[in-house]
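Dropping run_6.cif in here (mmCIF, N, CA and C atoms):
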data_input
#
loop_
_atom_site.label_atom_id
_atom_site.label_comp_id
_atom_site.auth_asym_id
_atom_site.auth_seq_id
_atom_site.Cartn_x
_atom_site.Cartn_y
_atom_site.Cartn_z
N MET X 1 1.55 0.71 -113.40
CA MET X 1 2.86 0.93 -112.83
C MET X 1 3.51 2.12 -113.54
N ASN X 2 4.11 3.03 -112.78
CA ASN X 2 4.69 4.21 -113.40
C ASN X 2 6.06 3.91 -114.00
N ALA X 3 6.54 4.85 -114.81
CA ALA X 3 7.80 4.65 -115.54
C ALA X 3 8.99 4.54 -114.59
N ARG X 4 8.98 5.32 -113.51
CA ARG X 4 10.10 5.26 -112.57
C ARG X 4 10.18 3.89 -111.92
N ARG X 5 9.04 3.34 -111.53
CA ARG X 5 9.05 2.01 -110.91
C ARG X 5 9.49 0.95 -111.91
N ARG X 6 9.03 1.03 -113.15
CA ARG X 6 9.47 0.07 -114.18
C ARG X 6 10.98 0.15 -114.37
N ALA X 7 11.53 1.36 -114.34
CA ALA X 7 12.97 1.54 -114.51
C ALA X 7 13.73 0.89 -113.35
N ILE X 8 13.26 1.11 -112.13
CA ILE X 8 13.91 0.51 -110.96
C ILE X 8 13.82 -1.01 -111.03
N GLU X 9 12.65 -1.53 -111.33
CA GLU X 9 12.47 -2.98 -111.35
C GLU X 9 13.19 -3.65 -112.51
N SER X 10 13.54 -2.89 -113.55
CA SER X 10 14.32 -3.47 -114.65
C SER X 10 15.73 -3.82 -114.17
N LEU X 11 16.15 -3.26 -113.05
CA LEU X 11 17.46 -3.55 -112.48
C LEU X 11 17.45 -4.79 -111.58
N TYR X 12 16.27 -5.30 -111.26
CA TYR X 12 16.16 -6.46 -110.38
C TYR X 12 16.68 -7.69 -111.13
N LYS X 13 17.79 -8.24 -110.67
CA LYS X 13 18.42 -9.39 -111.33
C LYS X 13 18.39 -10.63 -110.46
N GLY X 14 17.76 -10.55 -109.31
CA GLY X 14 17.72 -11.68 -108.40
C GLY X 14 16.30 -12.04 -108.01
N VAL X 15 16.19 -13.13 -107.26
CA VAL X 15 14.92 -13.53 -106.65
C VAL X 15 15.20 -13.87 -105.19
N CYS X 16 14.21 -13.65 -104.35
CA CYS X 16 14.41 -13.94 -102.94
C CYS X 16 13.24 -14.72 -102.36
N THR X 17 13.55 -15.40 -101.28
CA THR X 17 12.55 -16.09 -100.47
C THR X 17 12.69 -15.54 -99.06
N ILE X 18 11.56 -15.18 -98.45
CA ILE X 18 11.56 -14.56 -97.13
C ILE X 18 10.95 -15.52 -96.11
N TYR X 19 11.62 -15.66 -94.97
CA TYR X 19 11.17 -16.51 -93.88
C TYR X 19 11.00 -15.65 -92.62
N GLU X 20 9.99 -15.98 -91.83
CA GLU X 20 9.76 -15.33 -90.55
C GLU X 20 9.63 -16.40 -89.47
N MET X 21 9.99 -16.04 -88.26
CA MET X 21 9.74 -16.91 -87.11
C MET X 21 8.30 -16.67 -86.67
N GLN X 22 7.51 -17.74 -86.63
CA GLN X 22 6.10 -17.62 -86.26
C GLN X 22 5.74 -18.72 -85.28
N LYS X 23 4.72 -18.44 -84.48
CA LYS X 23 4.20 -19.46 -83.58
C LYS X 23 3.31 -20.40 -84.38
N VAL X 24 3.58 -21.71 -84.25
CA VAL X 24 2.86 -22.74 -84.99
C VAL X 24 2.34 -23.77 -83.99
N LYS X 25 1.06 -24.09 -84.11
CA LYS X 25 0.45 -25.08 -83.21
C LYS X 25 0.46 -26.44 -83.90
N ASP X 26 1.03 -27.42 -83.23
CA ASP X 26 1.06 -28.79 -83.75
C ASP X 26 -0.35 -29.36 -83.66
N PRO X 27 -0.91 -29.86 -84.79
CA PRO X 27 -2.28 -30.37 -84.76
C PRO X 27 -2.45 -31.65 -83.94
N ILE X 28 -1.37 -32.37 -83.72
CA ILE X 28 -1.46 -33.63 -82.97
C ILE X 28 -1.25 -33.39 -81.47
N THR X 29 -0.16 -32.71 -81.12
CA THR X 29 0.15 -32.51 -79.71
C THR X 29 -0.50 -31.26 -79.12
N HIS X 30 -0.98 -30.38 -79.99
CA HIS X 30 -1.59 -29.11 -79.60
C HIS X 30 -0.62 -28.19 -78.87
N GLN X 31 0.67 -28.45 -79.02
CA GLN X 31 1.69 -27.58 -78.44
C GLN X 31 2.07 -26.51 -79.45
N THR X 32 2.26 -25.30 -78.95
CA THR X 32 2.67 -24.19 -79.80
C THR X 32 4.16 -23.98 -79.67
N THR X 33 4.86 -23.98 -80.80
CA THR X 33 6.30 -23.72 -80.83
C THR X 33 6.59 -22.65 -81.86
N THR X 34 7.76 -22.08 -81.78
CA THR X 34 8.19 -21.07 -82.75
C THR X 34 8.99 -21.77 -83.83
N LYS X 35 8.58 -21.57 -85.08
CA LYS X 35 9.26 -22.20 -86.22
C LYS X 35 9.47 -21.19 -87.33
N GLU X 36 10.45 -21.51 -88.17
CA GLU X 36 10.71 -20.69 -89.34
C GLU X 36 9.68 -21.03 -90.42
N VAL X 37 8.97 -20.01 -90.91
CA VAL X 37 7.91 -20.20 -91.88
C VAL X 37 8.19 -19.35 -93.12
N MET X 38 8.10 -19.97 -94.30
CA MET X 38 8.27 -19.22 -95.55
C MET X 38 7.01 -18.37 -95.78
N VAL X 39 7.22 -17.06 -95.98
CA VAL X 39 6.08 -16.17 -96.21
C VAL X 39 6.04 -15.63 -97.64
N LEU X 40 7.13 -15.77 -98.38
CA LEU X 40 7.18 -15.28 -99.77
C LEU X 40 8.27 -16.04 -100.50
N GLU X 41 7.99 -16.43 -101.74
CA GLU X 41 8.95 -17.22 -102.52
C GLU X 41 9.11 -16.63 -103.91
N ASN X 42 10.34 -16.65 -104.41
CA ASN X 42 10.68 -16.23 -105.78
C ASN X 42 10.22 -14.82 -106.12
N GLN X 43 10.44 -13.88 -105.21
CA GLN X 43 10.11 -12.48 -105.44
C GLN X 43 11.30 -11.80 -106.11
N LYS X 44 11.05 -11.09 -107.21
CA LYS X 44 12.13 -10.37 -107.90
C LYS X 44 12.70 -9.30 -106.98
N CYS X 45 14.05 -9.15 -107.02
CA CYS X 45 14.72 -8.21 -106.14
C CYS X 45 16.11 -7.90 -106.70
N LYS X 46 16.84 -7.06 -105.99
CA LYS X 46 18.22 -6.75 -106.35
C LYS X 46 19.03 -6.56 -105.08
N LEU X 47 20.20 -7.18 -105.03
CA LEU X 47 21.15 -6.95 -103.95
C LEU X 47 22.12 -5.87 -104.37
N SER X 48 22.43 -4.99 -103.46
CA SER X 48 23.41 -3.95 -103.71
C SER X 48 24.44 -4.02 -102.60
N TYR X 49 25.72 -3.92 -102.97
CA TYR X 49 26.80 -4.00 -101.99
C TYR X 49 27.53 -2.67 -101.93
N GLU X 50 27.94 -2.31 -100.72
CA GLU X 50 28.66 -1.06 -100.53
C GLU X 50 29.73 -1.30 -99.47
N LYS X 51 30.95 -0.97 -99.81
CA LYS X 51 32.03 -1.10 -98.83
C LYS X 51 31.90 0.08 -97.87
N ILE X 52 31.81 -0.21 -96.56
CA ILE X 52 31.61 0.87 -95.60
C ILE X 52 32.87 1.21 -94.82
N ALA X 53 33.92 0.44 -95.01
CA ALA X 53 35.19 0.76 -94.36
C ALA X 53 36.31 0.09 -95.12
N SER X 54 37.47 0.68 -95.09
CA SER X 54 38.60 0.06 -95.77
C SER X 54 39.10 -1.11 -94.93
N ALA X 55 39.99 -1.88 -95.51
CA ALA X 55 40.52 -3.07 -94.84
C ALA X 55 41.24 -2.67 -93.56
N ASN X 56 41.01 -3.42 -92.52
CA ASN X 56 41.71 -3.22 -91.25
C ASN X 56 42.90 -4.17 -91.22
N GLN X 57 44.09 -3.63 -91.11
CA GLN X 57 45.27 -4.48 -91.08
C GLN X 57 45.71 -4.66 -89.63
N THR X 58 45.72 -5.89 -89.19
CA THR X 58 46.18 -6.22 -87.85
C THR X 58 47.18 -7.35 -88.00
N THR X 59 47.54 -7.97 -86.92
CA THR X 59 48.45 -9.12 -87.00
C THR X 59 47.75 -10.31 -87.65
N ALA X 60 46.43 -10.31 -87.64
CA ALA X 60 45.66 -11.36 -88.30
C ALA X 60 45.37 -10.90 -89.74
N ALA X 61 44.54 -11.63 -90.43
CA ALA X 61 44.19 -11.29 -91.81
C ALA X 61 43.39 -9.99 -91.85
N ALA X 62 43.54 -9.26 -92.94
CA ALA X 62 42.80 -8.00 -93.12
C ALA X 62 41.32 -8.30 -93.32
N THR X 63 40.46 -7.43 -92.81
CA THR X 63 39.02 -7.59 -92.97
C THR X 63 38.44 -6.36 -93.65
N ILE X 64 37.35 -6.55 -94.37
CA ILE X 64 36.66 -5.45 -95.03
C ILE X 64 35.21 -5.50 -94.61
N ALA X 65 34.69 -4.37 -94.15
CA ALA X 65 33.28 -4.30 -93.78
C ALA X 65 32.47 -4.06 -95.05
N LEU X 66 31.36 -4.77 -95.17
CA LEU X 66 30.52 -4.67 -96.35
C LEU X 66 29.08 -4.47 -95.92
N SER X 67 28.42 -3.53 -96.56
CA SER X 67 27.01 -3.27 -96.28
C SER X 67 26.21 -3.85 -97.44
N THR X 68 25.17 -4.63 -97.13
CA THR X 68 24.35 -5.26 -98.15
C THR X 68 22.92 -4.74 -98.03
N LYS X 69 22.37 -4.31 -99.16
CA LYS X 69 21.03 -3.75 -99.18
C LYS X 69 20.19 -4.49 -100.21
N LEU X 70 18.96 -4.82 -99.83
CA LEU X 70 18.02 -5.48 -100.72
C LEU X 70 17.02 -4.46 -101.24
N PHE X 71 16.84 -4.41 -102.55
CA PHE X 71 15.83 -3.58 -103.18
C PHE X 71 14.69 -4.50 -103.60
N ILE X 72 13.46 -4.14 -103.25
CA ILE X 72 12.30 -4.99 -103.50
C ILE X 72 11.07 -4.10 -103.63
N ALA X 73 10.00 -4.64 -104.20
CA ALA X 73 8.76 -3.88 -104.41
C ALA X 73 8.23 -3.31 -103.09
N PRO X 74 7.65 -2.11 -103.11
CA PRO X 74 7.22 -1.46 -101.87
C PRO X 74 6.04 -2.11 -101.17
N GLU X 75 5.22 -2.88 -101.89
CA GLU X 75 4.05 -3.48 -101.26
C GLU X 75 4.37 -4.78 -100.52
N ILE X 76 5.58 -5.31 -100.68
CA ILE X 76 5.99 -6.54 -99.99
C ILE X 76 6.26 -6.20 -98.52
N ILE X 77 5.74 -7.01 -97.61
CA ILE X 77 5.98 -6.79 -96.19
C ILE X 77 7.20 -7.60 -95.77
N VAL X 78 8.24 -6.89 -95.35
CA VAL X 78 9.46 -7.52 -94.86
C VAL X 78 9.62 -7.10 -93.40
N LYS X 79 9.33 -8.02 -92.49
CA LYS X 79 9.45 -7.71 -91.07
C LYS X 79 10.92 -7.71 -90.65
N ALA X 80 11.25 -6.79 -89.76
CA ALA X 80 12.61 -6.76 -89.21
C ALA X 80 12.89 -8.12 -88.56
N GLY X 81 14.09 -8.63 -88.77
CA GLY X 81 14.46 -9.92 -88.19
C GLY X 81 14.19 -11.10 -89.10
N SER X 82 13.66 -10.85 -90.28
CA SER X 82 13.38 -11.94 -91.22
C SER X 82 14.68 -12.55 -91.75
N LYS X 83 14.59 -13.81 -92.15
CA LYS X 83 15.70 -14.45 -92.88
C LYS X 83 15.34 -14.35 -94.35
N ILE X 84 16.30 -13.92 -95.15
CA ILE X 84 16.06 -13.73 -96.58
C ILE X 84 17.14 -14.48 -97.35
N VAL X 85 16.72 -15.34 -98.28
CA VAL X 85 17.64 -16.08 -99.13
C VAL X 85 17.52 -15.49 -100.54
N VAL X 86 18.65 -15.01 -101.06
CA VAL X 86 18.66 -14.33 -102.35
C VAL X 86 19.56 -15.08 -103.32
N THR X 87 19.05 -15.29 -104.54
CA THR X 87 19.86 -15.83 -105.63
C THR X 87 19.97 -14.75 -106.68
N GLN X 88 21.21 -14.36 -106.98
CA GLN X 88 21.48 -13.32 -107.97
C GLN X 88 22.78 -13.67 -108.66
N TYR X 89 22.81 -13.60 -109.97
CA TYR X 89 24.00 -13.92 -110.77
C TYR X 89 24.54 -15.32 -110.42
N ASN X 90 23.65 -16.29 -110.32
CA ASN X 90 23.99 -17.70 -110.07
C ASN X 90 24.68 -17.93 -108.73
N ARG X 91 24.49 -17.04 -107.78
CA ARG X 91 25.05 -17.21 -106.43
C ARG X 91 23.92 -17.02 -105.43
N THR X 92 23.83 -17.93 -104.48
CA THR X 92 22.79 -17.85 -103.46
C THR X 92 23.41 -17.47 -102.13
N SER X 93 22.82 -16.48 -101.48
CA SER X 93 23.29 -16.02 -100.17
C SER X 93 22.12 -16.01 -99.21
N GLU X 94 22.42 -16.33 -97.95
CA GLU X 94 21.41 -16.34 -96.91
C GLU X 94 21.73 -15.21 -95.94
N PHE X 95 20.72 -14.40 -95.66
CA PHE X 95 20.89 -13.25 -94.78
C PHE X 95 20.00 -13.41 -93.57
N SER X 96 20.52 -13.02 -92.42
CA SER X 96 19.74 -13.09 -91.19
C SER X 96 19.56 -11.69 -90.64
N ARG X 97 18.60 -11.54 -89.76
CA ARG X 97 18.37 -10.29 -89.04
C ARG X 97 18.22 -9.10 -89.98
N SER X 98 17.25 -9.17 -90.89
CA SER X 98 16.99 -8.02 -91.76
C SER X 98 16.60 -6.82 -90.91
N GLY X 99 16.94 -5.63 -91.40
CA GLY X 99 16.60 -4.41 -90.67
C GLY X 99 15.21 -3.92 -91.01
N GLU X 100 14.82 -2.81 -90.37
CA GLU X 100 13.55 -2.17 -90.71
C GLU X 100 13.67 -1.63 -92.13
N PRO X 101 12.68 -1.88 -92.98
CA PRO X 101 12.77 -1.40 -94.35
C PRO X 101 12.56 0.10 -94.47
N GLY X 102 13.29 0.69 -95.41
CA GLY X 102 13.04 2.07 -95.81
C GLY X 102 12.09 1.99 -96.99
N ILE X 103 10.86 2.48 -96.83
CA ILE X 103 9.85 2.32 -97.87
C ILE X 103 9.70 3.63 -98.64
N PHE X 104 9.82 3.52 -99.96
CA PHE X 104 9.70 4.66 -100.86
C PHE X 104 8.53 4.40 -101.81
N MET X 105 8.17 5.39 -102.60
CA MET X 105 7.02 5.27 -103.47
C MET X 105 7.18 4.12 -104.49
N ASP X 106 8.40 3.93 -105.00
CA ASP X 106 8.61 2.98 -106.09
C ASP X 106 9.38 1.72 -105.70
N HIS X 107 9.89 1.66 -104.46
CA HIS X 107 10.66 0.50 -104.01
C HIS X 107 10.83 0.60 -102.51
N GLN X 108 11.43 -0.44 -101.93
CA GLN X 108 11.87 -0.36 -100.55
C GLN X 108 13.29 -0.91 -100.46
N GLU X 109 13.99 -0.48 -99.43
CA GLU X 109 15.37 -0.89 -99.21
C GLU X 109 15.47 -1.52 -97.83
N VAL X 110 16.08 -2.71 -97.77
CA VAL X 110 16.21 -3.44 -96.52
C VAL X 110 17.68 -3.77 -96.31
N MET X 111 18.24 -3.33 -95.20
CA MET X 111 19.63 -3.66 -94.88
C MET X 111 19.69 -5.11 -94.39
N LEU X 112 20.71 -5.84 -94.85
CA LEU X 112 20.83 -7.26 -94.54
C LEU X 112 22.19 -7.57 -93.93
N GLU X 113 22.23 -8.64 -93.14
CA GLU X 113 23.46 -9.15 -92.58
C GLU X 113 23.70 -10.55 -93.12
N LEU X 114 24.86 -10.76 -93.75
CA LEU X 114 25.17 -12.05 -94.36
C LEU X 114 25.25 -13.14 -93.31
N PHE X 115 24.55 -14.24 -93.58
CA PHE X 115 24.58 -15.40 -92.70
C PHE X 115 25.39 -16.52 -93.35
N LYS X 116 25.01 -16.87 -94.58
CA LYS X 116 25.72 -17.92 -95.33
C LYS X 116 25.74 -17.55 -96.80
N GLU X 117 26.80 -17.99 -97.47
CA GLU X 117 26.87 -17.80 -98.91
C GLU X 117 27.20 -19.15 -99.54
N TYR X 118 26.51 -19.46 -100.61
CA TYR X 118 26.69 -20.73 -101.31
C TYR X 118 27.23 -20.44 -102.69
N ALA X 119 28.11 -21.30 -103.18
CA ALA X 119 28.69 -21.10 -104.52
C ALA X 119 27.66 -21.37 -105.59
#
For this file, write the structure as structure tokens.
Amino acid sequence: MNARRRAIESLYKGVCTIYEMQKVKDPITHQTTTKEVMVLENQKCKLSYEKIASANQTTAAATIALSTKLFIAPEIIVKAGSKIVVTQYNRTSEFSRSGEPGIFMDHQEVMLELFKEYA
């Protein structure tokens, strides 16, 4: 592993589990259905947050748009549309509809959409 990759991975403070929707055949009924399947567990990663717009003030409560990006090893296959559960700094968040990854020599970046956050 090169020095640049070691430096990037030293910033990984979280772990993630990746799920994909896959066709699964029931061994008893022989029916094929689409189910959520875990394809990777406890992979080191890092979440990065970026505010992409200032608060919108309307008659309702103000909202802030937030962009969330996952940094992970480049050899990991993250299919677009995957569900990714990340635990970082003792907080677990569930993300749905991952984007197409941007793959670089030493890491990859995946844009995420927050689905659920747990305390």
- What lies within 6 Å of X:Gly99 using all atoms listed in the file, ignoring chain neighbours under 2 positions off, as number ranges by chain? X: 79-81, 97, 101, 110-112
- Message: At a cut-off of 6.5 Å, using only N, CA and C atoms, what residues contact X:Val24? Leave out same-chain residues fewer than 3 positions from it and give the result as a ChimeraX atom specification.
- Response: /X:31-35
Excluding X:Lys13 and residues on its chain fewer than 5 positions from it, collect all residues at most 8 Å away from it, counting only C-alpha atoms, and give them as a CSV table (one decimal) with N, CA and C atoms, keeping the file's coordinate frame.
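Writing done, so here's result38.csv:
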chain,number,residue,atom,x,y,z
X,44,LYS,N,11.0,-11.1,-107.2
X,44,LYS,CA,12.1,-10.4,-107.9
X,44,LYS,C,12.7,-9.3,-107.0
X,45,CYS,N,14.0,-9.2,-107.0
X,45,CYS,CA,14.7,-8.2,-106.1
X,45,CYS,C,16.1,-7.9,-106.7
X,46,LYS,N,16.8,-7.1,-106.0
X,46,LYS,CA,18.2,-6.8,-106.4
X,46,LYS,C,19.0,-6.6,-105.1
X,88,GLN,N,21.2,-14.4,-107.0
X,88,GLN,CA,21.5,-13.3,-108.0
X,88,GLN,C,22.8,-13.7,-108.7
X,89,TYR,N,22.8,-13.6,-110.0
X,89,TYR,CA,24.0,-13.9,-110.8
X,89,TYR,C,24.5,-15.3,-110.4
- Task: For a cut-off of 10 Å around (14.8, -16.5, -100.2), file coordinates, pick out all residues using only C-alpha atoms and list them as a list in words.
- Result: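 Selection result: Gly14, Val15, Cys16, Thr17, Ile18, Tyr19, Met38, Val39, Leu40, Glu41, Asn42, Gln43, Lys83, Ile84, Val85, Val86, Thr87, Thr92, Ser93, Glu94 and Phe95 of chain X.
Comparing the minimum interatomic distances between X:Leu66 and each of X:Ile8, X:Val37, X:Met1, X:Leu114, counting all atoms listed in the file, we find that X:Leu114 sits nearest.
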- Tell me, in Å to one decimal, how far atom CA of X:Lys51 is from atom CA of X:Ile77.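 Result for atom CA of X:Lys51 versus atom CA of X:Ile77: 26.8 Å, one decimal.
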- Message: When DSSP is applied to the backbone of this structure, which of chain X are assigned alpha helix (DSSP H)? Write them out as a count of residues only.
- Response: 7
- Task: One decimal, Å: what's the distance from atom CA of X:Phe115 over to atom CA of X:Ser96, could you say?
- Result: 5.6 Å
- If you measure from atom C of X:Asp106 to atom C of X:Ser48, what distance in Å do you get, rounded to one decimal? 16.4 Å
- Using all atoms listed in the file, which residue out of X:Met21, X:Ala65, X:Arg91, X:Phe71 lies closest to X:Gln108?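 Counting all atoms listed in the file, the residue closest to X:Gln108 is X:Phe71.
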- Run the PyMOL selection byres ((chain X and resi 74) around 8) against the file shown and list the residues it catches, as JSON, numbers by chain. {"X": [71, 72, 73, 75, 76, 77, 78, 102, 103, 104, 105, 106, 107, 108, 109]}
- Message: I need the residues of stretch 13-105 of chain X that end up classed as strand (DSSP E) by DSSP on the backbone, written out as a PyMOL selection string.
- Response: chain X and resi 14-25+32-51+66-72+83-88+91-96+102-103
